Every structure is written in structure tokens, then in C-alpha cells.
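Chemist: Mind looking over this structure? Questions follow.
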Amino acid sequence: MLQIMLSGLFTFQIPLLFSKHLKPHGKDDRLQYRNLVVITCAISILLCFGLSATYKGMIPINLSILPLFVGILYGSRTAGLLLSLLNIGCHELIYGFSISGMVLHTGLPVYPLLFLFSSRFKRSNVMEKIGCLWTGLIPALIVIVASPILEDGISNTSYNSETILMTLLYVFLSIFNGALLIYFIELMYNRLFINLPEEFDPLLQQLIDMVPLGMAVVDRKGNIAMLNEQLVINYKQTYPHVNGDNIIGRAFYGMFEGTTQQDYLKRRIVQALQGFRSSGEVVRNGMNIYSTGVFPLFNEGTQQIEGAVAIIHDITELERLKSEFINIERLSLVGQMAASITHEIRNPMAVVRGFLQLMKEKSPDTLDHYYRIVMEELDRANGIISDFLSLAQNRIAEKEECHLHDIIHELSPLLWADANLRGQSIDLRLGSYIPSLHLNSKEMKQLILNLCRNGMEAMDDKGVLTIETRLAGETVEMRVKDTGPGIPKDKLDRLFEPFFTTKSKGTGLGLALCMSIVQRHHSTISVQSEEGVGTIFTVSFPIVETDKEPLLKP
């Protein structure tokens with residue numbers, strides 16, 4: 001028992017005495033810790049030899065191989081070689097020179113195996129390190145306790161049941177002590193260099209809460225161990241009842257249970273826990289779009305994977321701006337093309353229309369119907385060209401202070417006439433106390449006409465078109481709602497693209513023109529649609545403060 005205590009006494013005590021002086025901040029301190037382990041192992045080797053004995057004159061009781069093996073595994077090759085020479089030298093000094101004694105009593109045949117395991121040992125976890133130690137320790141102990149038989153032969157050795165029992169107990173306690181020694185060294189190492197002191201936990205939480213990205217740390221089972229406030233905010237957009245406390249401990253991919261993203265995130269977490277990295281991948285959750293990255297977290301000492309960190313960035317607004325920028329580029333291209341060829345097309349069309357009118361006057365009345373169709377088609381083509389020209393107008397629209405209700409009232413007879421022809425009706429819900437705005441009345445009429453005619457064309461007879469205005473904070477909203485079949489979700493994102501249309505005879509320029517007008521007024525336009533219910537276009541105009549008294553209309 002004394003040998004068992006001596007083999008690990010200094011290794012247990014000296015790190016505790018020096019832990020207050022170690023500064024767990026750099027690689028030099030980690031090297032210092034390993035060197036300290038080697039030094040304590042050297043002291044233990046000397047003590048084990050100084051107090052060595054034999055049991056009943058047969059079994060050598062000397063556990064110097066335990067600190068020796070630990071020192072070889074933890075130290076550098078040079079340190080391991082010096083410890084090996086120290087162990088052999090002490091043996092020869094105390095027991096005298098003997099080749100067989102040196103080979104059998106010092107565990108010399110196992111040394112090369114330990115040096116071979118040393119680099120792998122430093123990257124292993126606790127259980128693997130214990131396994132490496134036992135791989136060398138158990139054969140060495142067996143050789144040591146069997147050395148009397150190997151030296152003198154079994155016939156000259158007086159083994160009895162008591163001797164065998166004590167030998168087995170000695171071997172078992174030595175093996176157990178080796179595992180305990182490795183566990184304690186790793187515990188101290190993690191305490192000094194891996195685990196942050198408890199007083200730093202709140203500071204760390206505050207730090208990750210300041211990061212404008214959603215972050216979650218998961219353990220080796222994929223369960224959430226830590227997350228920041230931004231992730232909770234993002235998650236609450238979909239699940240308002242959730243808070244940070246009832247997320248901790250749950251499987252990370254379980255947060256998206258019932259969505260198409262669950263299997264994807266589960267696969268990414270599993271891959272990260274196997275050492276794979278994934279970043280910059282886009283995940284959709286409802287109307288929100290996220291850029292995700294999942295990265296493994298390694299134990300700095302053992303290089304074993306301890307968990308993973310998931311980083312989630314809400315890029316919904318960024319994707320919206322990107323889509324708008326692409327549309328602006330397309331509009332600009334269409335506008336440039338229109339500006340260059342419009343006059344070349346309009347001039348021949350004007351000549352054709354003029355000659356058609358002359359021919360109509362000289363032709364019999366029976367042909368009037370055909371002339372009317374041709375001229376209507378020419379006018380429709382001219383209207384399309386006008387839309388192209390409107391897209392080309394990148395100049396700042398001339399605006400004046402006017403009221404949105406006045407523009408709507410001016411258009412209402414035209415809208416009612418169009419609705420009556422289709423068997424539809426119009427419902428005006430104009431809000432009270434709507435302030436005046438800085439608008440270009442001509443462009444506003446074009447915007448309202450386009451939105452209303454789109455709604456009418458989408459509805460059957462008896463459909464109802466609703467035009468609503470209301471005050472919403474610092475903006476005035478105009479909503480145009482129809483009771484048509486709605487727009488499929490996969491087409492909503494493309495509605496404002498030039499030449500994209502959901503109608504069989506549309507040009508795809510109407511809503512693109514609306515977007516262009518809205519942008520020139522520094523406003524926004526959005527669309528909501530539900531299949532089988534209808535579609536709502538919402539235009540938000542900013543309220544511009546002036547020195548004049550605001551004009552309010554009920």
C-alpha cells in the first residue's frame with residue numbers, strides 16, 4: 001500500500017500547490033503543467049525505489065513503473081528518455097547490475113510501446129488515455145510478479161494461495177491507481193485550462209448576447225447547452241410563447257419540429273459532431289430566411305469533439321433588398337432599351353394609324369368594325385410603349401403637396417365604369433384624418449389604375465374591389481384588395497419582375513411600373529395573397545413634415 005501511495009503522492013499534491021501560480025492563458029502554461037507532471041513522476045520514481053521491498057522474498061514490491069509510464073506518456077520524448085534512464089539507473093544502483101533483473105523488473109520491453117503511444121495519447125480523451133496506460137502497465141506488472149518463476153523456474157518457487165491472492169490484489173490496486181492517477185491529472189488540467197471559472201459564466205453570456213447573430217452551443221448529444229438572446233428573438237417570431245429557459249436542454253433540431261428544416265438541421269448537427277463544418281447554407285422557416293453554419297467544438301487539450309456551435313443569421317431583409325436591387329437593374333435595362341427604340345417604333349405606328357383613319361373614311365361602313373379592331377390594337381401597342389417609357393424615367397418625379405383621397409375621388413368614376421362592365425363593385429373605405437402627402441398626381445393615378453385593374457381582371461363577376469386608406473404610424477397606407485382566386489406562394493416573390501405575369505394576355509410590365517413609381521416616391525409596396533380568398537396590395541407612403549399646417553381630411 002505504501003508503494004501505491006508513493007507512486008502517485010506527488011503527482012496528486014504538487015499540481016494543487018502550484019495551481020494558484022499557473023495562468024491558464026497560453027500554450028507555455030500548458031507546457032509548464034506537463035513538465036510539472038514529469039517532475040512529480042521523477043520524484044515518485046525515486047521514492048518508490050527508496051522504499052521498495054519484496055513480499056516473502058519473492059515478489060518485488062516497487063511501483064516505480066507507474067509514475068515512469070505516466071511521465072513517458074505525458075512528457076516529451078526527451079523527458080520520457082530521461083525518466084527511463086532514471087528508472088533503470090535506480091534499479092541498477094539498488095539491486096546491482098543484472099540483465100535479467102533490468103529486463104524483468106523495470107518493464108523495459110514495454111518502453112518502445114509507450115513512446116509509440118505518446119503522441120496519440122496527448123490527443124485522446126480520459127478513457128482512451130487510461131486504456132493507453134493499461135496497455136503498457138498490465139503486461140509489465142504481470143512480468144514483474146512472475147519474475148521469480150522466470151528467473152528460478154516454477155519448481156524452485158514456493159507459491160501458495162496467500163501469495164497468489166496478495167499478488168493479484170497488488171496487481172489490481174496498481175491498475176486501479178494508474179487509472180485514478182490519469183483521471184486526476186486530466187481533471188486538474190481541465191480545471192486550469194479548459195473550463196472557465198464560474199464567475200466568468202455571466203460575462204460570457206453577456207458577451208454572446210451582444211453578438212447580432214443567433215448562436216447556440218450544443219453538447220455531444222446535440223442538446224442545447226447555451227444560446228444567446230438574438231436566437232431567442234428569431235425563434236419567437238415563429239413561436240411567440242417560447243423563452244430561453246424552456247429551450248435549454250432540448251435537441252437543437254427539435255426547435256424546428258414539424259418543419260421541413262428539421263431533418264436538414266439534424267443531419268448538420270450530426271455531421272458537426274463528427275468533425276465536419278457547414279456554413280453559408282440557407283434555411284427557410286415560414287416567411288423568414290436564415291443563413292446557417294454549424295461548426296464542431298474541440299477540446300483544446302485533447303482535440304476531441306466536445307460539442308458544436310450553430311450560428312444563425314436572419315437574412316430576410318437582406319434577401320428582400322437583394323431582390324429589389326435585381327428588379328431595379330432589370331427595370332433600368334428595360335428603360336434604357338425603351339428610351340432608345342421607342343421613337344423609332346412610335347413614328348411608323350403614327351403613320352399607320354393616320355392612313356387607317358383616312359381609309360376608314362373612304363371605305364364602306366361594313367368595314368368599320370375591322371378598322372376599329374386594328375386601331376384598338378395599335379392603341380394597345382402604344383400603351384405598352386408608354387409603359388416602357390415610364391420605366392425609363394429615372395429622374396426625380398416632380399411632386400406637390402396633395403391629398404391621396406382627391407386622386408382616388410377623381411379616378412372613382414372611371415373605376416366604377418370599368419367595374420360595371422365586368423359586373424363587379426367597388427368599396428371605398430377612406431380613413432379619417434389622413435394627412436396630405438408629397439405626390440406626383442399623374443403617377444399616382446397610373447399606380448392606382450394599374451393596381452385596381454389587376455384586381456378587377458383577377459375577379460369574376462360579382463367580385464368586390466376594396467380601396468382602403470389608413471394612418472399607420474409615420475406612414476399612410478393604401479390597400480387595394482380583391483376577392484379573386486389569389487396568387488400561388490411560389491409566384492409571389494416574382495410579381496414585380498419585369499415581363500413576369502400570372503395572366504394569359506399580360507405583358508408583365510404593370511406591376512414593374514408600379515414598383516418604379518413607388519420607389520420614386522420613396523415608398524414601399526407589398527403583397528399578401530391567400531389562394532381562394534384574394535389578394536391585397538399595400539402601398540406605404542412616408543409622411544413628410546412641412547412648415548405648413550397639415551391638410552387633414554376625414
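Within each chain, counting starts at residue 1; across the C-alpha cells, chains are named A, B, ... in the order shown, with ligands numbered 1 upward in that order.
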Show which residues sit within 7 Å of Val539 of chain A, as a PDB file with N, CA and C atoms, in the first residue's frame. Count only C-alpha atoms, and ignore same-chain residues fewer than 5 positions away.

Modeler:
```pdb
ATOM      1  N   GLU A 477     -51.091  54.299 -45.415  1.00  0.00           N
ATOM      2  CA  GLU A 477     -51.208  53.069 -46.193  1.00  0.00           C
ATOM      3  C   GLU A 477     -52.424  53.122 -47.105  1.00  0.00           C
ATOM      4  N   MET A 478     -52.228  52.694 -48.335  1.00  0.00           N
ATOM      5  CA  MET A 478     -53.324  52.497 -49.282  1.00  0.00           C
ATOM      6  C   MET A 478     -53.357  51.014 -49.637  1.00  0.00           C
ATOM      7  N   ARG A 479     -54.512  50.395 -49.395  1.00  0.00           N
ATOM      8  CA  ARG A 479     -54.654  48.959 -49.636  1.00  0.00           C
ATOM      9  C   ARG A 479     -55.682  48.738 -50.744  1.00  0.00           C
ATOM     10  N   THR A 524     -42.985  52.102 -50.162  1.00  0.00           N
ATOM     11  CA  THR A 524     -42.838  50.647 -50.278  1.00  0.00           C
ATOM     12  C   THR A 524     -44.163  50.043 -50.724  1.00  0.00           C
ATOM     13  N   ILE A 525     -44.068  48.913 -51.395  1.00  0.00           N
ATOM     14  CA  ILE A 525     -45.253  48.175 -51.817  1.00  0.00           C
ATOM     15  C   ILE A 525     -45.065  46.716 -51.440  1.00  0.00           C
ATOM     16  N   SER A 526     -46.105  46.112 -50.910  1.00  0.00           N
ATOM     17  CA  SER A 526     -46.049  44.703 -50.513  1.00  0.00           C
ATOM     18  C   SER A 526     -47.337  44.021 -50.944  1.00  0.00           C
TER      19      SER A 526
END
```

Chemist: Can you tell me which residues surround Leu273 of chain A at a distance of at most 7 Å, considering only C-alpha atoms, apart from same-chain residues fewer than 6 positions away, and format the answer as a PyMOL selection string?

Modeler: chain A and resi 220+296+305+307-308

Chemist: Env of Glu229 of chain A: 12 Å cut, atoms = only C-alpha atoms, seq-sep filter 4 positions within chain, self excluded. Answer as an mmCIF file with N, CA and C atoms, in the first residue's frame.

Modeler:
```cif
data_model
loop_
_atom_site.group_PDB
_atom_site.id
_atom_site.type_symbol
_atom_site.label_atom_id
_atom_site.label_comp_id
_atom_site.auth_asym_id
_atom_site.auth_seq_id
_atom_site.Cartn_x
_atom_site.Cartn_y
_atom_site.Cartn_z
ATOM 1 N N GLN A 205 -22.021 34.925 -21.069
ATOM 2 C CA GLN A 205 -23.392 35.011 -21.559
ATOM 3 C C GLN A 205 -23.697 36.413 -22.075
ATOM 4 N N GLN A 206 -23.224 37.437 -21.336
ATOM 5 C CA GLN A 206 -23.426 38.813 -21.798
ATOM 6 C C GLN A 206 -22.725 39.049 -23.130
ATOM 7 N N LEU A 207 -21.544 38.465 -23.272
ATOM 8 C CA LEU A 207 -20.771 38.653 -24.500
ATOM 9 C C LEU A 207 -21.505 38.084 -25.708
ATOM 10 N N ILE A 208 -21.981 36.850 -25.617
ATOM 11 C CA ILE A 208 -22.648 36.251 -26.778
ATOM 12 C C ILE A 208 -24.024 36.876 -27.009
ATOM 13 N N ASP A 209 -24.630 37.455 -25.937
ATOM 14 C CA ASP A 209 -25.897 38.155 -26.138
ATOM 15 C C ASP A 209 -25.716 39.423 -26.960
ATOM 16 N N MET A 210 -24.499 40.003 -26.914
ATOM 17 C CA MET A 210 -24.227 41.221 -27.690
ATOM 18 C C MET A 210 -24.032 40.930 -29.177
ATOM 19 N N VAL A 211 -23.742 39.687 -29.509
ATOM 20 C CA VAL A 211 -23.494 39.333 -30.914
ATOM 21 C C VAL A 211 -24.809 39.412 -31.689
ATOM 22 N N PRO A 212 -24.844 40.133 -32.825
ATOM 23 C CA PRO A 212 -26.105 40.288 -33.569
ATOM 24 C C PRO A 212 -26.471 39.068 -34.411
ATOM 25 N N LEU A 213 -25.932 37.919 -34.086
ATOM 26 C CA LEU A 213 -26.240 36.670 -34.779
ATOM 27 C C LEU A 213 -26.829 35.695 -33.773
ATOM 28 N N GLY A 214 -27.749 34.871 -34.222
ATOM 29 C CA GLY A 214 -28.265 33.830 -33.351
ATOM 30 C C GLY A 214 -27.223 32.736 -33.151
ATOM 31 N N MET A 215 -26.938 32.400 -31.887
ATOM 32 C CA MET A 215 -25.916 31.398 -31.591
ATOM 33 C C MET A 215 -26.455 30.398 -30.580
ATOM 34 N N ALA A 216 -26.133 29.129 -30.804
ATOM 35 C CA ALA A 216 -26.495 28.069 -29.867
ATOM 36 C C ALA A 216 -25.346 27.079 -29.780
ATOM 37 N N ILE A 233 -34.930 35.714 -29.941
ATOM 38 C CA ILE A 233 -35.757 36.698 -30.658
ATOM 39 C C ILE A 233 -36.181 36.148 -32.019
ATOM 40 N N ASN A 234 -35.228 35.561 -32.739
ATOM 41 C CA ASN A 234 -35.549 34.985 -34.049
ATOM 42 C C ASN A 234 -36.584 33.871 -33.929
ATOM 43 N N TYR A 235 -36.410 33.044 -32.903
ATOM 44 C CA TYR A 235 -37.301 31.896 -32.732
ATOM 45 C C TYR A 235 -38.706 32.339 -32.325
ATOM 46 N N LYS A 236 -38.778 33.430 -31.548
ATOM 47 C CA LYS A 236 -40.079 33.917 -31.089
ATOM 48 C C LYS A 236 -40.927 34.471 -32.231
ATOM 49 N N ASN A 243 -39.463 30.882 -24.531
ATOM 50 C CA ASN A 243 -38.398 31.710 -23.966
ATOM 51 C C ASN A 243 -37.138 30.869 -23.834
ATOM 52 N N GLY A 244 -36.032 31.533 -23.465
ATOM 53 C CA GLY A 244 -34.741 30.849 -23.429
ATOM 54 C C GLY A 244 -34.697 29.686 -22.464
ATOM 55 N N ASP A 245 -35.421 29.794 -21.338
ATOM 56 C CA ASP A 245 -35.335 28.760 -20.301
ATOM 57 C C ASP A 245 -35.898 27.426 -20.771
ATOM 58 N N ILE A 247 -35.890 26.297 -23.743
ATOM 59 C CA ILE A 247 -35.160 25.772 -24.900
ATOM 60 C C ILE A 247 -33.922 25.013 -24.453
ATOM 61 N N ILE A 312 -26.847 31.294 -36.608
ATOM 62 C CA ILE A 312 -27.993 31.553 -37.478
ATOM 63 C C ILE A 312 -28.136 33.055 -37.673
#
```

Chemist: With a distance cut-off of 8 Å and only C-alpha atoms, select the neighbouring residues of segment 351-363 of chain A, excluding the residue or stretch itself and same-chain residues fewer than 6 positions from it, and output the selection as a ChimeraX atom specification.

Modeler: /A:371,375,378

Chemist: Report, in Å to a single decimal, how far apart atom CA of Val110 of chain A and atom CA of Ala140 of chain A are.

Modeler: 6.9 Å

Chemist: If we count only C-alpha atoms, what is near Gly136 of chain A at a cut-off of 12 Å, once residues fewer than 5 positions away on the same chain are taken out, given as a list in words?

Modeler: Ile65, Leu66, Leu68, Phe69, Val70, Ile72, Leu73, Thr106, Gly107, Leu108, Pro109, Val110, Tyr111, Pro112, Leu113, Leu114, Phe115, Leu116, Phe117, Ser118, Lys129, Ile130, Gly131, Leu141, Ile142, Val143, Ile175 and Gly178 of chain A

Chemist: Tell me which of A:Glu468, A:Thr316, A:Arg120, A:Asn177 sits closest to Pro67 of chain A, counting only C-alpha atoms.

Modeler: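 Smallest separation from Pro67 of chain A among the options: A:Asn177.
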
Chemist: Could you tell me how far atom CA of Leu333 of chain A sits from atom CA of Gly455 of chain A, in Å to one decimal place?

Modeler: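 According to the coordinates, atom CA of Gly455 of chain A and atom CA of Leu333 of chain A are separated by 27.6 Å.
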
Chemist: I'd like to know which of A:Ile426, A:Phe499, A:Ile182, A:Cys41 is closest to Val126 of chain A, using only C-alpha atoms.

Modeler: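 Distance minimum relative to Val126 of chain A lands on A:Ile182.
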
Chemist: Write down as JSON, numbers by chain the residues of segment 285-516 of chain A whose backbone DSSP state falls under strand (DSSP E or B).

Modeler: {"A": [285, 288, 289, 290, 291, 292, 293, 294, 295, 296, 297, 298, 305, 306, 307, 308, 309, 310, 311, 312, 313, 314, 400, 401, 402, 425, 426, 427, 428, 429, 434, 435, 437, 438, 439, 464, 465, 466, 467, 468, 469, 470, 471, 472, 475, 476, 477, 478, 479, 480, 481, 482]}

Chemist: Any chance you can output those residues with C-alpha atoms as a CSV table (one decimal), in the first residue's frame?

Modeler:
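Here's the written file out-v4.csv:
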```csv
chain,number,residue,atom,x,y,z
A,285,ASN,CA,-38.7,28.9,-41.8
A,288,ASN,CA,-38.1,34.2,-42.7
A,289,ILE,CA,-34.9,33.3,-44.4
A,290,TYR,CA,-31.8,32.3,-42.4
A,291,SER,CA,-28.1,31.8,-43.3
A,292,THR,CA,-26.8,28.9,-41.1
A,293,GLY,CA,-23.5,27.5,-40.1
A,294,VAL,CA,-22.7,24.5,-37.8
A,295,PHE,CA,-19.2,24.0,-36.6
A,296,PRO,CA,-17.6,21.4,-34.3
A,297,LEU,CA,-16.1,22.5,-30.9
A,298,PHE,CA,-12.9,20.8,-29.9
A,305,ILE,CA,-15.1,17.0,-30.2
A,306,GLU,CA,-17.0,18.3,-27.2
A,307,GLY,CA,-20.0,19.7,-29.0
A,308,ALA,CA,-20.9,22.1,-31.8
A,309,VAL,CA,-21.9,25.7,-32.2
A,310,ALA,CA,-24.7,26.7,-34.6
A,311,ILE,CA,-24.8,30.2,-35.9
A,312,ILE,CA,-28.0,31.6,-37.5
A,313,HIS,CA,-28.3,34.9,-39.3
A,314,ASP,CA,-31.6,36.3,-40.2
A,400,GLU,CA,-46.5,68.6,-54.9
A,401,GLU,CA,-48.5,68.6,-51.7
A,402,CYS,CA,-51.8,67.0,-52.4
A,425,SER,CA,-68.5,46.6,-57.4
A,426,ILE,CA,-66.1,48.9,-55.7
A,427,ASP,CA,-66.0,49.5,-51.9
A,428,LEU,CA,-64.2,52.8,-50.8
A,429,ARG,CA,-63.0,52.8,-47.2
A,434,ILE,CA,-55.3,61.3,-43.4
A,435,PRO,CA,-52.6,64.0,-43.8
A,437,LEU,CA,-48.6,63.9,-49.0
A,438,HIS,CA,-45.9,65.0,-51.5
A,439,LEU,CA,-47.0,63.1,-54.6
A,464,VAL,CA,-65.7,43.3,-54.9
A,465,LEU,CA,-62.7,45.6,-55.1
A,466,THR,CA,-61.9,47.4,-51.9
A,467,ILE,CA,-59.8,50.6,-51.8
A,468,GLU,CA,-58.8,51.4,-48.2
A,469,THR,CA,-56.6,54.2,-46.7
A,470,ARG,CA,-55.4,54.4,-43.1
A,471,LEU,CA,-52.9,56.1,-41.0
A,472,ALA,CA,-50.2,53.7,-39.7
A,475,THR,CA,-46.9,56.3,-42.9
A,476,VAL,CA,-50.1,56.5,-44.8
A,477,GLU,CA,-51.2,53.1,-46.2
A,478,MET,CA,-53.3,52.5,-49.3
A,479,ARG,CA,-54.7,49.0,-49.6
A,480,VAL,CA,-56.2,47.5,-52.8
A,481,LYS,CA,-58.0,44.3,-52.1
A,482,ASP,CA,-59.7,41.9,-54.5
```

Chemist: I'd like the interatomic distance between atom CA of Phe176 of chain A and atom CA of Leu63 of chain A, to a tenth of an Å.

Modeler: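 Pair atom CA of Phe176 of chain A / atom CA of Leu63 of chain A returns 12.6 Å.
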
Chemist: Just want the 12 Å neighbourhood of segment 85-88 of chain A, counted on only C-alpha atoms, with same-chain residues fewer than 5 positions away dropped. Output as an MDAnalysis selection string.

Modeler: chainID A and resid 39 41:50 62:69 71:72 78:80 93:99 101:108 111

Chemist: Would you save the residues of that selection, restricted to N, CA and C atoms, as a short mmCIF file (atom, residue, chain, number, x, y, z; two decimals), in the first residue's frame?

Modeler:
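Final output, again-v2.cif:
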```
data_model
loop_
_atom_site.label_atom_id
_atom_site.label_comp_id
_atom_site.auth_asym_id
_atom_site.auth_seq_id
_atom_site.Cartn_x
_atom_site.Cartn_y
_atom_site.Cartn_z
N ILE A 39 8.10 16.10 -13.66
CA ILE A 39 8.95 16.28 -12.47
C ILE A 39 8.40 15.49 -11.29
N CYS A 41 6.59 12.87 -11.41
CA CYS A 41 6.80 11.44 -11.71
C CYS A 41 8.24 11.03 -11.36
N ALA A 42 9.19 11.90 -11.67
CA ALA A 42 10.59 11.60 -11.34
C ALA A 42 10.78 11.48 -9.83
N ILE A 43 10.14 12.38 -9.06
CA ILE A 43 10.23 12.31 -7.59
C ILE A 43 9.60 11.02 -7.09
N SER A 44 8.45 10.65 -7.66
CA SER A 44 7.79 9.41 -7.23
C SER A 44 8.64 8.19 -7.54
N ILE A 45 9.36 8.19 -8.68
CA ILE A 45 10.25 7.07 -9.01
C ILE A 45 11.33 6.91 -7.94
N LEU A 46 11.93 8.02 -7.54
CA LEU A 46 12.97 7.98 -6.51
C LEU A 46 12.42 7.46 -5.19
N LEU A 47 11.22 7.92 -4.80
CA LEU A 47 10.62 7.47 -3.54
C LEU A 47 10.26 5.98 -3.59
N CYS A 48 9.74 5.54 -4.73
CA CYS A 48 9.38 4.12 -4.87
C CYS A 48 10.61 3.22 -4.73
N PHE A 49 11.74 3.62 -5.32
CA PHE A 49 12.96 2.82 -5.18
C PHE A 49 13.52 2.92 -3.77
N GLY A 50 13.40 4.11 -3.16
CA GLY A 50 13.94 4.27 -1.81
C GLY A 50 13.22 3.44 -0.78
N ASN A 62 7.65 -2.76 -5.95
CA ASN A 62 8.23 -1.50 -6.41
C ASN A 62 7.40 -1.00 -7.59
N LEU A 63 6.60 0.03 -7.34
CA LEU A 63 5.70 0.54 -8.37
C LEU A 63 6.28 1.75 -9.10
N SER A 64 7.58 1.80 -9.23
CA SER A 64 8.18 2.94 -9.94
C SER A 64 7.76 2.98 -11.40
N ILE A 65 7.33 1.81 -11.94
CA ILE A 65 6.92 1.81 -13.36
C ILE A 65 5.65 2.64 -13.58
N LEU A 66 4.82 2.82 -12.52
CA LEU A 66 3.58 3.58 -12.70
C LEU A 66 3.88 5.07 -12.98
N PRO A 67 4.62 5.78 -12.11
CA PRO A 67 4.96 7.17 -12.47
C PRO A 67 5.85 7.26 -13.71
N LEU A 68 6.68 6.21 -13.93
CA LEU A 68 7.52 6.21 -15.14
C LEU A 68 6.65 6.20 -16.39
N PHE A 69 5.68 5.30 -16.45
CA PHE A 69 4.83 5.20 -17.64
C PHE A 69 4.00 6.47 -17.84
N GLY A 71 4.82 9.49 -16.86
CA GLY A 71 5.73 10.54 -17.32
C GLY A 71 6.09 10.40 -18.78
N ILE A 72 6.30 9.16 -19.26
CA ILE A 72 6.62 8.95 -20.68
C ILE A 72 5.45 9.38 -21.57
N THR A 78 12.20 13.49 -25.05
CA THR A 78 13.42 13.68 -24.25
C THR A 78 13.14 13.43 -22.78
N ALA A 79 12.02 13.98 -22.29
CA ALA A 79 11.66 13.77 -20.88
C ALA A 79 11.42 12.29 -20.60
N GLY A 80 10.73 11.61 -21.53
CA GLY A 80 10.48 10.18 -21.34
C GLY A 80 11.76 9.37 -21.32
N LEU A 93 21.43 0.65 -9.29
CA LEU A 93 22.11 1.16 -8.10
C LEU A 93 21.69 0.40 -6.85
N ILE A 94 20.41 0.08 -6.75
CA ILE A 94 19.90 -0.57 -5.53
C ILE A 94 20.05 -2.09 -5.59
N TYR A 95 19.75 -2.71 -6.74
CA TYR A 95 19.75 -4.16 -6.83
C TYR A 95 21.01 -4.73 -7.49
N GLY A 96 21.87 -3.85 -7.97
CA GLY A 96 23.06 -4.33 -8.66
C GLY A 96 22.79 -4.62 -10.12
N PHE A 97 23.87 -4.66 -10.89
CA PHE A 97 23.71 -4.85 -12.34
C PHE A 97 23.31 -6.28 -12.65
N SER A 98 22.22 -6.40 -13.41
CA SER A 98 21.74 -7.72 -13.83
C SER A 98 20.87 -7.52 -15.06
N ILE A 99 21.25 -8.17 -16.14
CA ILE A 99 20.48 -8.02 -17.38
C ILE A 99 19.06 -8.52 -17.19
N GLY A 101 17.38 -8.97 -14.37
CA GLY A 101 16.66 -8.12 -13.43
C GLY A 101 16.22 -6.81 -14.06
N MET A 102 17.10 -6.21 -14.88
CA MET A 102 16.76 -4.95 -15.53
C MET A 102 15.60 -5.14 -16.50
N VAL A 103 15.60 -6.26 -17.23
CA VAL A 103 14.55 -6.51 -18.21
C VAL A 103 13.23 -6.86 -17.52
N LEU A 104 13.30 -7.72 -16.48
CA LEU A 104 12.08 -8.22 -15.84
C LEU A 104 11.48 -7.24 -14.84
N HIS A 105 12.30 -6.49 -14.11
CA HIS A 105 11.80 -5.67 -13.00
C HIS A 105 11.50 -4.22 -13.38
N THR A 106 12.03 -3.74 -14.47
CA THR A 106 11.83 -2.32 -14.83
C THR A 106 10.81 -2.11 -15.94
N GLY A 107 10.27 -3.18 -16.51
CA GLY A 107 9.31 -3.04 -17.61
C GLY A 107 9.94 -2.55 -18.90
N LEU A 108 11.25 -2.78 -19.06
CA LEU A 108 12.00 -2.27 -20.21
C LEU A 108 11.39 -2.66 -21.56
N TYR A 111 8.78 -0.07 -22.92
CA TYR A 111 9.12 1.34 -23.17
C TYR A 111 8.84 1.76 -24.62
#
```

Chemist: Within segment 286-431 of chain A, find each residue whose DSSP state, derived from the backbone, is helix (DSSP H, G or I), and express the selection as a VMD selection string.

Modeler: chain A and resid 316 to 362 365 to 392 404 to 422

Chemist: Could you check the closest approach to Pro498 of chain A for each of A:Ala350, A:Ala417, A:Ala381, A:Ile328 and tell me which residue wins, using only C-alpha atoms?

Modeler: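 Counting only C-alpha atoms, the residue closest to Pro498 of chain A is A:Ile328.
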